[in-house]
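Peer 1: Data: model.cif, mmCIF, C-alpha atoms and all ligand atoms.
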data_query
#
loop_
_atom_site.label_atom_id
_atom_site.label_comp_id
_atom_site.auth_asym_id
_atom_site.auth_seq_id
_atom_site.Cartn_x
_atom_site.Cartn_y
_atom_site.Cartn_z
CA MET K 1 25.72 -2.03 -15.75
CA ASN K 2 21.95 -1.90 -16.28
CA ILE K 3 20.55 -3.11 -12.98
CA LEU K 4 17.13 -4.35 -11.82
CA ILE K 5 16.57 -3.59 -8.13
CA THR K 6 13.66 -5.49 -6.61
CA GLY K 7 12.15 -4.02 -3.45
CA GLY K 8 13.85 -0.72 -4.28
CA ALA K 9 11.14 1.33 -2.59
CA GLY K 10 11.77 -0.38 0.77
CA PHE K 11 14.26 0.59 3.45
CA ILE K 12 17.53 -0.97 2.27
CA GLY K 13 16.52 -1.09 -1.41
CA SER K 14 15.94 2.68 -1.58
CA ASN K 15 19.23 3.38 0.18
CA PHE K 16 20.87 1.07 -2.37
CA VAL K 17 19.30 2.99 -5.29
CA TYR K 18 20.94 6.23 -4.05
CA HIS K 19 24.20 4.42 -3.32
CA TRP K 20 24.31 2.78 -6.75
CA LEU K 21 23.48 6.01 -8.61
CA GLY K 22 26.35 7.68 -6.74
CA GLN K 23 28.84 4.94 -7.56
CA GLU K 24 27.87 3.89 -11.09
CA PRO K 25 28.02 6.83 -13.50
CA VAL K 26 26.23 5.12 -16.41
CA GLY K 27 23.55 2.50 -16.95
CA ARG K 28 19.86 2.19 -16.21
CA VAL K 29 18.36 1.53 -12.78
CA VAL K 30 15.02 -0.27 -12.97
CA VAL K 31 13.17 -0.51 -9.66
CA LEU K 32 10.51 -3.21 -9.39
CA ASP K 33 8.42 -2.89 -6.24
CA ALA K 34 4.89 -3.97 -5.34
CA LEU K 35 4.55 -1.01 -2.93
CA THR K 36 3.27 -3.06 -0.02
CA TYR K 37 2.83 -1.22 3.30
CA ALA K 38 6.67 -1.26 3.57
CA GLY K 39 7.38 0.25 0.15
CA ASN K 40 7.10 3.93 -0.48
CA ARG K 41 7.56 5.92 -3.68
CA LEU K 42 8.61 8.87 -1.45
CA SER K 43 11.76 6.95 -0.51
CA LEU K 44 13.06 7.18 -4.09
CA PRO K 45 14.28 10.11 -6.22
CA PRO K 46 11.07 11.69 -7.61
CA ASP K 47 12.42 12.10 -11.09
CA HIS K 48 15.81 10.80 -12.16
CA PRO K 49 16.84 10.43 -15.81
CA ARG K 50 18.42 6.99 -15.23
CA VAL K 51 15.75 5.51 -12.94
CA THR K 52 12.61 3.69 -14.13
CA PHE K 53 10.11 2.80 -11.43
CA VAL K 54 7.72 -0.08 -12.08
CA ARG K 55 5.01 -1.00 -9.62
CA GLY K 56 4.74 -4.77 -9.88
CA ASP K 57 5.22 -8.14 -8.22
CA ILE K 58 8.35 -10.27 -8.34
CA ARG K 59 6.03 -13.29 -8.63
CA ASP K 60 4.85 -12.01 -12.03
CA HIS K 61 7.15 -14.04 -14.31
CA ASP K 62 6.06 -12.37 -17.56
CA LEU K 63 6.51 -8.87 -16.17
CA VAL K 64 9.99 -9.64 -14.82
CA LEU K 65 11.06 -11.27 -18.10
CA ARG K 66 9.81 -8.27 -20.06
CA LEU K 67 11.73 -5.86 -17.82
CA LEU K 68 14.91 -7.91 -18.15
CA ARG K 69 14.61 -7.90 -21.94
CA ASP K 70 13.38 -4.33 -22.48
CA HIS K 71 16.12 -2.78 -20.35
CA ARG K 72 18.82 -5.29 -21.29
CA ILE K 73 19.48 -5.92 -17.61
CA GLU K 74 22.99 -7.08 -16.68
CA GLY K 75 22.52 -7.51 -12.95
CA VAL K 76 19.71 -8.08 -10.45
CA ALA K 77 19.93 -6.89 -6.84
CA HIS K 78 17.12 -8.72 -5.06
CA PHE K 79 15.81 -6.96 -1.94
CA ALA K 80 12.04 -7.52 -2.28
CA ALA K 81 10.69 -9.43 0.70
CA GLU K 82 8.37 -9.43 3.63
CA SER K 83 10.88 -8.44 6.29
CA HIS K 84 9.30 -8.04 9.72
CA VAL K 85 9.61 -10.95 12.17
CA ASP K 86 6.60 -9.83 14.24
CA ARG K 87 4.36 -9.78 11.15
CA SER K 88 5.63 -13.24 10.18
CA ILE K 89 4.50 -14.56 13.57
CA LEU K 90 0.97 -13.18 13.09
CA GLY K 91 0.72 -14.17 9.39
CA PRO K 92 3.41 -16.55 8.10
CA GLU K 93 1.90 -17.47 4.72
CA THR K 94 2.61 -14.16 2.99
CA PHE K 95 6.25 -14.63 3.94
CA LEU K 96 6.54 -17.94 2.15
CA ASP K 97 4.65 -16.53 -0.82
CA THR K 98 6.85 -13.49 -1.28
CA ASN K 99 10.21 -14.65 0.01
CA ALA K 100 10.33 -18.23 -1.25
CA LEU K 101 7.90 -18.35 -4.22
CA GLY K 102 8.82 -14.79 -5.23
CA THR K 103 12.53 -15.62 -5.33
CA LEU K 104 11.80 -18.80 -7.30
CA ARG K 105 9.82 -16.85 -9.93
CA LEU K 106 12.57 -14.25 -10.18
CA LEU K 107 15.24 -16.92 -10.65
CA GLU K 108 13.15 -18.61 -13.30
CA ALA K 109 12.63 -15.34 -15.19
CA CYS K 110 16.41 -14.77 -15.14
CA ARG K 111 17.00 -18.30 -16.40
CA ALA K 112 14.56 -17.77 -19.28
CA TYR K 113 16.16 -14.41 -20.11
CA LEU K 114 19.66 -15.88 -20.24
CA GLN K 115 18.48 -18.41 -22.83
CA ASP K 116 17.83 -15.52 -25.28
CA THR K 117 20.41 -15.27 -28.03
CA GLY K 118 22.55 -12.23 -27.30
CA ALA K 119 21.70 -12.14 -23.57
CA PRO K 120 24.42 -10.14 -21.76
CA ALA K 121 27.54 -12.05 -20.76
CA GLY K 122 28.63 -11.60 -17.14
CA PHE K 123 25.03 -11.39 -15.84
CA ARG K 124 24.89 -11.38 -12.03
CA PHE K 125 22.03 -12.26 -9.65
CA HIS K 126 22.65 -10.88 -6.17
CA HIS K 127 20.42 -12.02 -3.33
CA VAL K 128 20.13 -9.98 -0.13
CA SER K 129 19.58 -12.15 2.91
CA THR K 130 19.84 -12.09 6.67
CA ASP K 131 21.90 -13.45 9.56
CA GLU K 132 18.63 -14.72 11.07
CA VAL K 133 18.91 -17.88 8.90
CA TYR K 134 21.70 -19.05 11.25
CA GLY K 135 19.47 -19.06 14.34
CA SER K 136 20.36 -17.73 17.79
CA LEU K 137 23.74 -17.52 19.57
CA ASN K 138 24.57 -18.05 23.23
CA PRO K 139 26.58 -15.27 24.91
CA ASP K 140 29.96 -17.02 24.47
CA ASP K 141 29.39 -18.49 20.99
CA PRO K 142 31.60 -17.22 18.16
CA PRO K 143 29.79 -14.99 15.62
CA PHE K 144 28.11 -16.51 12.55
CA GLU K 145 30.37 -17.52 9.67
CA GLU K 146 29.28 -18.39 6.12
CA THR K 147 29.68 -22.07 7.06
CA THR K 148 27.48 -21.88 10.18
CA PRO K 149 24.65 -24.41 9.75
CA TYR K 150 21.23 -22.96 9.00
CA ALA K 151 18.84 -23.02 11.99
CA PRO K 152 16.05 -20.49 11.29
CA ASN K 153 13.70 -19.94 14.23
CA SER K 154 10.97 -17.58 13.00
CA PRO K 155 8.66 -17.92 9.98
CA TYR K 156 10.52 -14.92 8.49
CA ALA K 157 13.93 -16.55 8.97
CA ALA K 158 12.63 -19.87 7.59
CA SER K 159 11.30 -18.14 4.47
CA LYS K 160 14.62 -16.33 3.93
CA ALA K 161 16.50 -19.62 4.43
CA ALA K 162 14.29 -21.17 1.75
CA SER K 163 15.14 -18.32 -0.63
CA ASP K 164 18.88 -18.71 0.05
CA HIS K 165 18.67 -22.42 -0.75
CA LEU K 166 16.85 -21.69 -4.03
CA VAL K 167 19.52 -19.20 -5.09
CA ARG K 168 22.24 -21.72 -4.26
CA ALA K 169 20.45 -24.44 -6.24
CA TRP K 170 19.97 -22.20 -9.31
CA HIS K 171 23.70 -21.60 -9.34
CA HIS K 172 24.61 -25.24 -8.83
CA THR K 173 22.04 -26.73 -11.21
CA TYR K 174 21.58 -24.11 -13.92
CA GLY K 175 24.89 -22.25 -13.69
CA LEU K 176 23.25 -18.89 -12.85
CA ALA K 177 25.98 -16.49 -11.61
CA THR K 178 24.67 -15.78 -8.12
CA THR K 179 26.07 -14.17 -4.98
CA ILE K 180 24.39 -13.96 -1.57
CA THR K 181 25.03 -11.59 1.32
CA ASN K 182 23.74 -12.39 4.81
CA CYS K 183 23.75 -9.26 6.92
CA SER K 184 22.92 -8.18 10.44
CA ASN K 185 20.29 -5.64 11.60
CA ASN K 186 20.40 -2.48 9.49
CA TYR K 187 19.45 1.03 10.60
CA GLY K 188 19.46 4.46 8.96
CA PRO K 189 17.29 6.71 6.73
CA TYR K 190 13.96 5.52 5.24
CA HIS K 191 13.56 2.78 7.90
CA PHE K 192 9.86 2.04 8.40
CA PRO K 193 8.87 2.97 11.98
CA GLU K 194 7.66 -0.50 12.95
CA LYS K 195 11.26 -1.72 13.44
CA LEU K 196 13.04 -1.03 16.71
CA ILE K 197 15.20 2.05 16.01
CA PRO K 198 12.79 4.21 13.97
CA LEU K 199 9.87 3.18 16.20
CA ILE K 200 11.76 4.37 19.28
CA LEU K 201 12.73 7.67 17.61
CA VAL K 202 9.17 8.44 16.51
CA ASN K 203 7.76 7.43 19.91
CA ILE K 204 10.26 9.68 21.73
CA LEU K 205 9.16 12.62 19.55
CA HIS K 206 5.51 11.87 20.36
CA GLY K 207 6.26 11.33 24.06
CA ARG K 208 4.89 7.79 23.83
CA PRO K 209 6.10 4.72 25.79
CA LEU K 210 9.15 2.93 24.34
CA PRO K 211 8.18 -0.76 24.11
CA VAL K 212 11.03 -3.17 24.96
CA TYR K 213 10.28 -6.86 24.48
CA GLY K 214 10.99 -9.04 27.54
CA ASP K 215 14.12 -8.11 29.49
CA GLY K 216 15.66 -6.12 26.60
CA GLN K 217 18.92 -8.09 26.88
CA GLN K 218 18.68 -9.51 23.33
CA VAL K 219 21.78 -8.65 21.31
CA ARG K 220 21.92 -7.54 17.66
CA ASP K 221 24.95 -6.54 15.56
CA TRP K 222 23.86 -3.13 14.23
CA LEU K 223 24.92 -2.16 10.70
CA TYR K 224 24.53 1.33 9.22
CA VAL K 225 22.56 0.90 6.00
CA ASP K 226 25.07 2.64 3.72
CA ASP K 227 27.84 0.33 4.95
CA HIS K 228 25.57 -2.55 3.99
CA CYS K 229 24.93 -1.02 0.55
CA ARG K 230 28.69 -0.77 0.01
CA GLY K 231 29.07 -4.42 0.96
CA ILE K 232 26.40 -5.40 -1.57
CA GLU K 233 28.03 -3.32 -4.29
CA LEU K 234 31.38 -5.00 -3.58
CA ALA K 235 29.75 -8.44 -3.71
CA ILE K 236 28.17 -7.60 -7.09
CA ARG K 237 31.40 -6.25 -8.55
CA LYS K 238 34.02 -8.51 -6.96
CA GLY K 239 32.16 -11.50 -5.51
CA VAL K 240 32.75 -14.95 -6.94
CA PRO K 241 29.64 -16.63 -8.44
CA GLY K 242 28.22 -19.22 -6.09
CA GLU K 243 29.74 -17.57 -3.00
CA VAL K 244 28.14 -16.25 0.17
CA TYR K 245 29.45 -13.25 2.16
CA ASN K 246 28.46 -12.19 5.66
CA ILE K 247 28.14 -8.42 6.16
CA GLY K 248 28.14 -7.03 9.70
CA GLY K 249 28.69 -3.80 11.61
CA ASN K 250 30.97 -4.96 14.47
CA ASN K 251 28.43 -3.36 16.81
CA GLU K 252 26.89 -5.88 19.19
CA ARG K 253 24.53 -4.15 21.62
CA THR K 254 21.54 -5.13 23.74
CA ASN K 255 18.18 -3.63 22.82
CA LEU K 256 18.14 -1.71 26.11
CA GLU K 257 21.52 -0.15 25.30
CA ILE K 258 20.18 0.93 21.90
CA VAL K 259 17.03 2.49 23.38
CA ASN K 260 19.00 4.34 26.07
CA THR K 261 21.50 5.66 23.50
CA LEU K 262 18.66 6.95 21.32
CA CYS K 263 17.13 8.77 24.32
CA GLN K 264 20.48 10.39 25.04
CA LEU K 265 21.10 11.40 21.41
CA MET K 266 17.63 12.91 21.15
CA ALA K 267 18.12 14.87 24.38
CA ASP K 268 21.46 16.15 23.00
CA ALA K 269 19.81 17.20 19.71
CA PHE K 270 17.11 19.16 21.58
CA ALA K 271 19.75 20.84 23.73
CA MET K 272 21.69 21.93 20.60
CA ASP K 273 18.67 23.22 18.65
CA PRO K 274 15.97 25.06 20.67
CA THR K 275 13.64 25.24 17.62
CA LEU K 276 13.08 21.45 17.90
CA ARG K 277 10.93 22.05 20.99
CA GLU K 278 8.46 24.10 18.92
CA ARG K 279 8.25 21.42 16.22
CA HIS K 280 7.93 18.50 18.66
CA PRO K 281 6.08 19.85 21.69
CA ALA K 282 5.16 16.33 22.93
CA CYS K 283 8.80 15.25 23.23
CA PRO K 284 9.69 15.03 26.93
CA ALA K 285 12.22 17.48 28.36
CA ALA K 286 15.82 16.26 28.54
CA ARG K 287 15.59 15.42 32.26
CA ASP K 288 12.58 13.19 31.53
CA LEU K 289 14.35 11.50 28.64
CA HIS K 290 17.10 10.31 30.91
CA PRO K 291 17.68 6.64 30.31
CA GLY K 292 14.77 4.58 31.45
CA THR K 293 11.97 7.09 31.89
CA LEU K 294 9.82 6.27 28.86
CA ILE K 295 10.87 2.60 28.60
CA THR K 296 8.05 0.11 29.04
CA HIS K 297 8.82 -3.60 29.19
CA VAL K 298 6.15 -5.45 27.21
CA ALA K 299 5.59 -9.19 26.74
CA ASP K 300 8.34 -10.92 24.81
CA ARG K 301 8.18 -11.99 21.15
CA PRO K 302 7.42 -15.75 20.87
CA GLY K 303 10.63 -17.64 20.05
CA HIS K 304 12.66 -14.43 20.34
CA ASP K 305 16.28 -15.08 19.22
CA ARG K 306 18.66 -14.03 21.97
CA ARG K 307 21.76 -12.99 20.05
CA TYR K 308 22.95 -12.43 16.48
CA ALA K 309 26.55 -11.56 15.59
CA ILE K 310 28.41 -11.58 12.30
CA ASN K 311 31.98 -12.56 11.49
CA ALA K 312 32.64 -10.50 8.32
CA ALA K 313 36.27 -11.65 7.89
CA LYS K 314 35.58 -13.30 4.52
CA ALA K 315 34.01 -10.12 3.09
CA LYS K 316 37.00 -8.13 4.37
CA ARG K 317 39.55 -10.58 2.95
CA GLU K 318 37.91 -11.23 -0.43
CA LEU K 319 35.92 -8.04 -1.15
CA GLY K 320 37.78 -5.41 0.89
CA TYR K 321 34.60 -4.72 2.90
CA GLU K 322 34.78 -2.98 6.25
CA PRO K 323 32.04 -0.93 7.97
CA SER K 324 32.93 2.75 8.16
CA GLU K 325 30.39 3.95 10.75
CA THR K 326 30.68 3.37 14.47
CA LEU K 327 27.38 2.80 16.24
CA GLN K 328 27.59 6.28 17.78
CA SER K 329 28.23 8.04 14.44
CA GLY K 330 25.61 5.97 12.59
CA LEU K 331 22.94 6.53 15.24
CA ALA K 332 23.71 10.27 15.37
CA LYS K 333 23.20 10.48 11.57
CA THR K 334 19.98 8.50 11.91
CA VAL K 335 18.57 10.75 14.66
CA GLU K 336 19.40 13.77 12.54
CA TRP K 337 17.69 12.23 9.48
CA TYR K 338 14.47 11.51 11.42
CA LEU K 339 14.47 15.04 12.81
CA ARG K 340 14.84 16.53 9.33
CA ASN K 341 12.43 14.20 7.56
CA GLN K 342 9.25 14.30 9.58
CA ALA K 343 7.28 14.66 6.32
CA TRP K 344 8.49 11.21 5.23
CA TRP K 345 7.68 9.35 8.42
CA THR K 346 4.37 11.12 8.91
CA ALA K 347 3.34 10.11 5.37
CA VAL K 348 4.15 6.42 5.88
CA MET K 349 2.40 6.15 9.26
CA ASP K 350 -1.08 5.96 7.73
CA GLY K 351 -4.22 4.17 8.94
CA SER K 352 -2.90 0.67 8.19
CA TYR K 353 0.25 1.50 10.16
CA ARG K 354 -1.77 2.50 13.22
CA GLU K 355 -3.88 -0.64 12.89
CA TRP K 356 -0.74 -2.82 12.86
CA ILE K 357 0.79 -1.11 15.90
CA GLY K 358 -2.48 -1.56 17.79
CA LYS K 359 -2.63 -5.27 16.87
CA ASN K 360 1.04 -6.12 17.50
CA TYR K 361 1.27 -4.61 20.96
CA ALA K 362 -2.24 -5.77 21.93
CA GLU K 363 -1.10 -9.38 21.31
CA ARG K 364 1.69 -9.06 23.89
P1 LIG K 401 11.41 -3.60 3.64
O1 LIG K 401 10.29 -4.39 4.23
O2 LIG K 401 11.66 -2.21 4.11
O3 LIG K 401 11.22 -3.49 2.06
C1 LIG K 401 10.79 -4.58 1.28
C2 LIG K 401 10.34 -4.02 -0.07
O4 LIG K 401 9.92 -5.12 -0.89
C3 LIG K 401 9.14 -3.06 0.03
O5 LIG K 401 9.39 -1.90 -0.74
C4 LIG K 401 7.98 -3.87 -0.55
O6 LIG K 401 7.00 -3.06 -1.19
C5 LIG K 401 8.70 -4.77 -1.53
N1 LIG K 401 7.97 -6.00 -1.84
C6 LIG K 401 7.39 -6.84 -0.94
N2 LIG K 401 6.79 -7.86 -1.61
C7 LIG K 401 7.02 -7.66 -2.94
C8 LIG K 401 6.68 -8.38 -4.10
N3 LIG K 401 5.97 -9.51 -4.05
N4 LIG K 401 7.09 -7.89 -5.29
C9 LIG K 401 7.80 -6.74 -5.37
N5 LIG K 401 8.15 -6.02 -4.28
C10 LIG K 401 7.77 -6.48 -3.08
O7 LIG K 401 12.70 -4.51 3.82
P2 LIG K 401 14.22 -4.09 4.06
O8 LIG K 401 14.44 -3.93 5.50
O9 LIG K 401 14.58 -3.02 3.12
O10 LIG K 401 14.94 -5.44 3.63
C11 LIG K 401 15.38 -5.65 2.30
C12 LIG K 401 16.00 -7.03 2.20
O11 LIG K 401 17.06 -7.14 3.14
C13 LIG K 401 15.01 -8.15 2.55
O12 LIG K 401 15.22 -9.21 1.66
C14 LIG K 401 15.37 -8.53 3.97
O13 LIG K 401 15.07 -9.89 4.21
C15 LIG K 401 16.86 -8.27 3.97
N6 LIG K 401 17.43 -7.94 5.29
C16 LIG K 401 16.97 -6.87 6.00
C17 LIG K 401 17.57 -6.56 7.23
C18 LIG K 401 17.15 -5.34 8.03
O14 LIG K 401 17.74 -5.10 9.10
N7 LIG K 401 16.19 -4.55 7.59
C19 LIG K 401 18.58 -7.35 7.74
C20 LIG K 401 19.00 -8.45 7.00
C21 LIG K 401 18.43 -8.72 5.77
P1 LIG K 402 13.46 -5.58 14.81
O1 LIG K 402 13.80 -4.17 14.49
O2 LIG K 402 12.03 -6.02 14.63
O3 LIG K 402 14.47 -6.53 14.02
P2 LIG K 402 14.73 -8.14 14.14
O4 LIG K 402 13.58 -8.77 14.80
O5 LIG K 402 14.84 -8.52 12.70
O6 LIG K 402 16.01 -8.31 14.90
O7 LIG K 402 13.83 -5.83 16.32
C1 LIG K 402 15.15 -5.64 16.80
C2 LIG K 402 15.17 -6.09 18.23
O8 LIG K 402 14.35 -5.21 19.01
C3 LIG K 402 14.59 -7.48 18.42
O9 LIG K 402 15.31 -8.14 19.45
C4 LIG K 402 13.16 -7.21 18.89
C5 LIG K 402 13.30 -5.92 19.66
N1 LIG K 402 12.12 -5.03 19.67
C6 LIG K 402 11.64 -4.50 20.88
O10 LIG K 402 12.20 -4.79 21.96
N2 LIG K 402 10.56 -3.66 20.85
C7 LIG K 402 9.92 -3.33 19.70
O11 LIG K 402 8.90 -2.58 19.74
C8 LIG K 402 10.42 -3.86 18.46
C9 LIG K 402 9.75 -3.52 17.15
C10 LIG K 402 11.53 -4.70 18.49
#
Would you mind writing the file out in structure tokens?

Peer 2:
Amino acid sequence: MNILITGGAGFIGSNFVYHWLGQEPVGRVVVLDALTYAGNRLSLPPDHPRVTFVRGDIRDHDLVLRLLRDHRIEGVAHFAAESHVDRSILGPETFLDTNALGTLRLLEACRAYLQDTGAPAGFRFHHVSTDEVYGSLNPDDPPFEETTPYAPNSPYAASKAASDHLVRAWHHTYGLATTITNCSNNYGPYHFPEKLIPLILVNILHGRPLPVYGDGQQVRDWLYVDDHCRGIELAIRKGVPGEVYNIGGNNERTNLEIVNTLCQLMADAFAMDPTLRERHPACPAARDLHPGTLITHVADRPGHDRRYAINAAKAKRELGYEPSETLQSGLAKTVEWYLRNQAWWTAVMDGSYREWIGKNYAER
């Protein structure tokens, strides 16, 4: 399958590029990415004979149509988005522009392409979405199912809900073969250090405070990124057009539990490898990393959703999807990746990164 991967220089998109190359022995991989602050060329293979990287915008209809035609694309995996809830609170318009209008333009380019004589049969449009479209759960509520009514609470979630509805409508009205996956919070390699887990890891290494919003009792269902990529691949290969699949990690934890586990894993890593101390002299000694020491409770996020949880029974039943990582094994791999790849995270934490961190935490 020749595949177009939008947002392939971002966190999940880049992991999906590696995953797809490992699973699909033939076919072209075209990555279309605008390289916003969240996209990084360093997250992709520097030079791969099957990968074409194009810096461009999903809202550029003519560009997308040309890529579809020139590379005879047979499937689109759509990751490109503005993805950070905190940024959507400070500047919602970009989110509607990219997530809603961008998805519309992409769908329209696919529709135009499929009107070409000789367009590939079996074309698939896969849309990557989030569990945040379902709103917030109370402690005793059952996890989100595909039939849970939409109730987005943040500008980000509202813009993703809009994109999901567009994808559904393009299937229903124009017969485009679409699938959608709604997944829980991902973590793993190439995760930009403004999101909780990589931010905490980088702050531990710098000996900086670990900012926890509000009481830290918010619950997320953590999903190792490669498990997610496998779920997406299964949806593309086996999913039924028009269907939606929830992908989760079976790992509900509070934010405080996550932060404490990361402190413990980092202390363990330093105990195992004495050379880490030389490379990260600002990292506190193990006794000072004991749960709680660096944690700083900061003002809560406005409208902060209390709990997300995914029921992935449909994906298991119909696609054979099951997560393979436990939270402990996935977090241990992630800590190891951040310890080995300081060059990557140092490169992405440029001036605009520091400006954002200053602004976000100053507003709290
Ligand atoms: P990310 O912010 O790391 O990456 C987004 C990528 O999209 C970046 O490379 C960026 O340059 C690119 N992009 C942004 N606007 C673009 C445009 N107009 N044209 C082309 N490229 C553009 O996001 P992520 O965490 O990798 O998320 C990928 C997808 O998965 C998103 O659609 C997101 O909503 C969804 N999702 C993410 C999570 C998560 O935990 N990270 C959870 C559920 C769903
Ligand atoms: P985040 O990684 O931004 O993902 P999302 O908002 O999509 O769930 O945040 C995960 C959780 O961690 C969320 O409840 C907000 C919280 N959080 C903090 O407590 N401190 C932080 O500095 C950040 C970035 C997030």

Peer 1: Taking all listed atoms of ligand LIG 401 (chain K), build the axis-aligned box, pad each of the six sides by 6 Å, then write its centre and edge lengths in Å to one decimal as JSON.

Peer 2:
{"center_x": 12.5, "center_y": -5.9, "center_z": 1.9, "size_x": 25.0, "size_y": 20.0, "size_z": 26.5}

Peer 1: Contacts of range 25-39 of chain K at 8 Å or less, counting only C-alpha atoms, minus same-chain residues fewer than 5 places along, as a list in words?

Peer 2: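 Contacts, in chain order: Met1, Asn2, Ile3, Leu4, Ile5, Thr6, Gly7, Gly8, Ala9, Gly10, Phe11, Val17, Arg50, Val51, Thr52, Phe53, Val54, Arg55, Gly56, Asp57, Ile58, His71, Ala80, Phe192, Ser352 and Tyr353 of chain K.
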
Peer 1: CA of Cys110 in chain K and CA of Leu68 in chain K, how far apart in Å?

Peer 2: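 Calculated distance between CA of Leu68 in chain K and CA of Cys110 in chain K is 7.6 Å.
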
Peer 1: Show me which residues are within 6 Å of ligand LIG 402 (chain K) counting all atoms listed in the file, and format the list as a PDB file with C-alpha atoms, in the coordinates of the input.

Peer 2:
ATOM      1  CA  HIS K  84       9.300  -8.040   9.720  1.00  0.00           C
ATOM      2  CA  VAL K  85       9.610 -10.950  12.170  1.00  0.00           C
ATOM      3  CA  GLU K 194       7.660  -0.500  12.950  1.00  0.00           C
ATOM      4  CA  LYS K 195      11.260  -1.720  13.440  1.00  0.00           C
ATOM      5  CA  LEU K 196      13.040  -1.030  16.710  1.00  0.00           C
ATOM      6  CA  PRO K 211       8.180  -0.760  24.110  1.00  0.00           C
ATOM      7  CA  VAL K 212      11.030  -3.170  24.960  1.00  0.00           C
ATOM      8  CA  TYR K 213      10.280  -6.860  24.480  1.00  0.00           C
ATOM      9  CA  GLY K 216      15.660  -6.120  26.600  1.00  0.00           C
ATOM     10  CA  GLN K 218      18.680  -9.510  23.330  1.00  0.00           C
ATOM     11  CA  ASN K 255      18.180  -3.630  22.820  1.00  0.00           C
TER      12      ASN K 255
END

Peer 1: Name the closest residue to His19 in chain K among the candidates K:His228, K:Arg287, K:Lys333, K:Arg340; distances are taken between atoms, counting only C-alpha atoms.

Peer 2: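 Of K:His228, K:Arg287, K:Lys333, K:Arg340, the one nearest His19 in chain K is K:His228, counting only C-alpha atoms.
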
Peer 1: Work out how far apart CA of Leu67 in chain K and CA of Leu176 in chain K are and give it in Å to one decimal.

Peer 2: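 Between these atoms lies a distance of 18.1 Å.
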
Peer 1: Using only C-alpha atoms and all ligand atoms for the distances, tell me which of K:Ser154, K:Asn185, K:Thr94, K:Gln264 is nearest to ligand LIG 401 (chain K).

Peer 2: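 Under the stated criterion, the closest residue is K:Asn185.
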
Peer 1: Enter the distance from CA of Arg87 in chain K to CA of Asp350 in chain K, in Å, rounded to one decimal.

Peer 2: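 Computing the Euclidean distance for CA of Arg87 in chain K and CA of Asp350 in chain K yields 17.0 Å.
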
Peer 1: What's around Asp221 in chain K at 9 Å? Count all atoms listed in the file, leave out sequence neighbours fewer than 5 positions away in its own chain, and write the answer as a ChimeraX atom specification.

Peer 2: /K:184-186,248-254,307-310

Peer 1: I need the residue nearest ligand LIG 401 (chain K) from this list: K:Thr179, K:Gln217, K:Asn246, K:Asn360. Use only C-alpha atoms and all ligand atoms for the distance.

Peer 2: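 With only C-alpha atoms and all ligand atoms as the atom set, the closest residue is K:Asn246.
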
Peer 1: Hey, which of K:Tyr245, K:Ala109, K:Glu363, K:Leu166 ends up closest to Ile89 in chain K? Count only C-alpha atoms.

Peer 2: K:Glu363

Peer 1: Do a neighbour search on Ala362 in chain K at 10 Å with only C-alpha atoms, toss out local chain neighbours closer than 4 positions, and write the hits as a list in words.

Peer 2: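 The residues that qualify are Val298, Ala299, Trp356, Ile357 and Gly358 of chain K.
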
Peer 1: List the residues sitting within 12 Å of (15.2, 16.3, -2.6) in the file's frame, using all atoms listed in the file, as a PDB file with C-alpha atoms, in the coordinates of the input.

Peer 2:
ATOM      1  CA  TYR K  18      20.940   6.230  -4.050  1.00  0.00           C
ATOM      2  CA  LEU K  42       8.610   8.870  -1.450  1.00  0.00           C
ATOM      3  CA  SER K  43      11.760   6.950  -0.510  1.00  0.00           C
ATOM      4  CA  LEU K  44      13.060   7.180  -4.090  1.00  0.00           C
ATOM      5  CA  PRO K  45      14.280  10.110  -6.220  1.00  0.00           C
ATOM      6  CA  PRO K  46      11.070  11.690  -7.610  1.00  0.00           C
ATOM      7  CA  ASP K  47      12.420  12.100 -11.090  1.00  0.00           C
ATOM      8  CA  HIS K  48      15.810  10.800 -12.160  1.00  0.00           C
ATOM      9  CA  ARG K 340      14.840  16.530   9.330  1.00  0.00           C
ATOM     10  CA  ASN K 341      12.430  14.200   7.560  1.00  0.00           C
ATOM     11  CA  TRP K 344       8.490  11.210   5.230  1.00  0.00           C
TER      12      TRP K 344
END

Peer 1: Nearest to ligand LIG 401 (chain K): which of K:Pro193, K:Gly102, K:Gly320, K:Gly239 is it, counting only C-alpha atoms and all ligand atoms?

Peer 2: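 That would be K:Gly102, the residue with the smallest distance to ligand LIG 401 (chain K).
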
Peer 1: Point out the residue among K:Lys160, K:Leu65, K:Leu96, K:Pro139 with the least atom-to-atom distance to ligand LIG 401 (chain K), counting all atoms listed in the file.

Peer 2: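 Result for the nearest residue to ligand LIG 401 (chain K): K:Lys160.
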
Peer 1: Applying 12 Å and all atoms listed in the file, which residues near His171 in chain K remain after dropping the ones on its own chain fewer than 3 positions away? List them as a VMD selection string.

Peer 2: chain K and resid 107 to 108 110 to 111 124 to 127 164 to 168 174 to 180 240 to 244

Peer 1: List every protein, DNA or RNA residue that has an atom no more than 9 Å from (17.3, 9.4, 30.2) in the file's coordinate frame, counting all atoms listed in the file, and report them as a short mmCIF file (atom, residue, chain, number, x, y, z; two decimals) with C-alpha atoms, in the frame of the given file.

Peer 2:
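Saved result, part-v9.cif, follows:
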data_model
loop_
_atom_site.label_atom_id
_atom_site.label_comp_id
_atom_site.auth_asym_id
_atom_site.auth_seq_id
_atom_site.Cartn_x
_atom_site.Cartn_y
_atom_site.Cartn_z
CA ASN K 260 19.00 4.34 26.07
CA THR K 261 21.50 5.66 23.50
CA CYS K 263 17.13 8.77 24.32
CA GLN K 264 20.48 10.39 25.04
CA ALA K 267 18.12 14.87 24.38
CA ALA K 286 15.82 16.26 28.54
CA ARG K 287 15.59 15.42 32.26
CA ASP K 288 12.58 13.19 31.53
CA LEU K 289 14.35 11.50 28.64
CA HIS K 290 17.10 10.31 30.91
CA PRO K 291 17.68 6.64 30.31
CA GLY K 292 14.77 4.58 31.45
CA THR K 293 11.97 7.09 31.89
CA LEU K 294 9.82 6.27 28.86
#
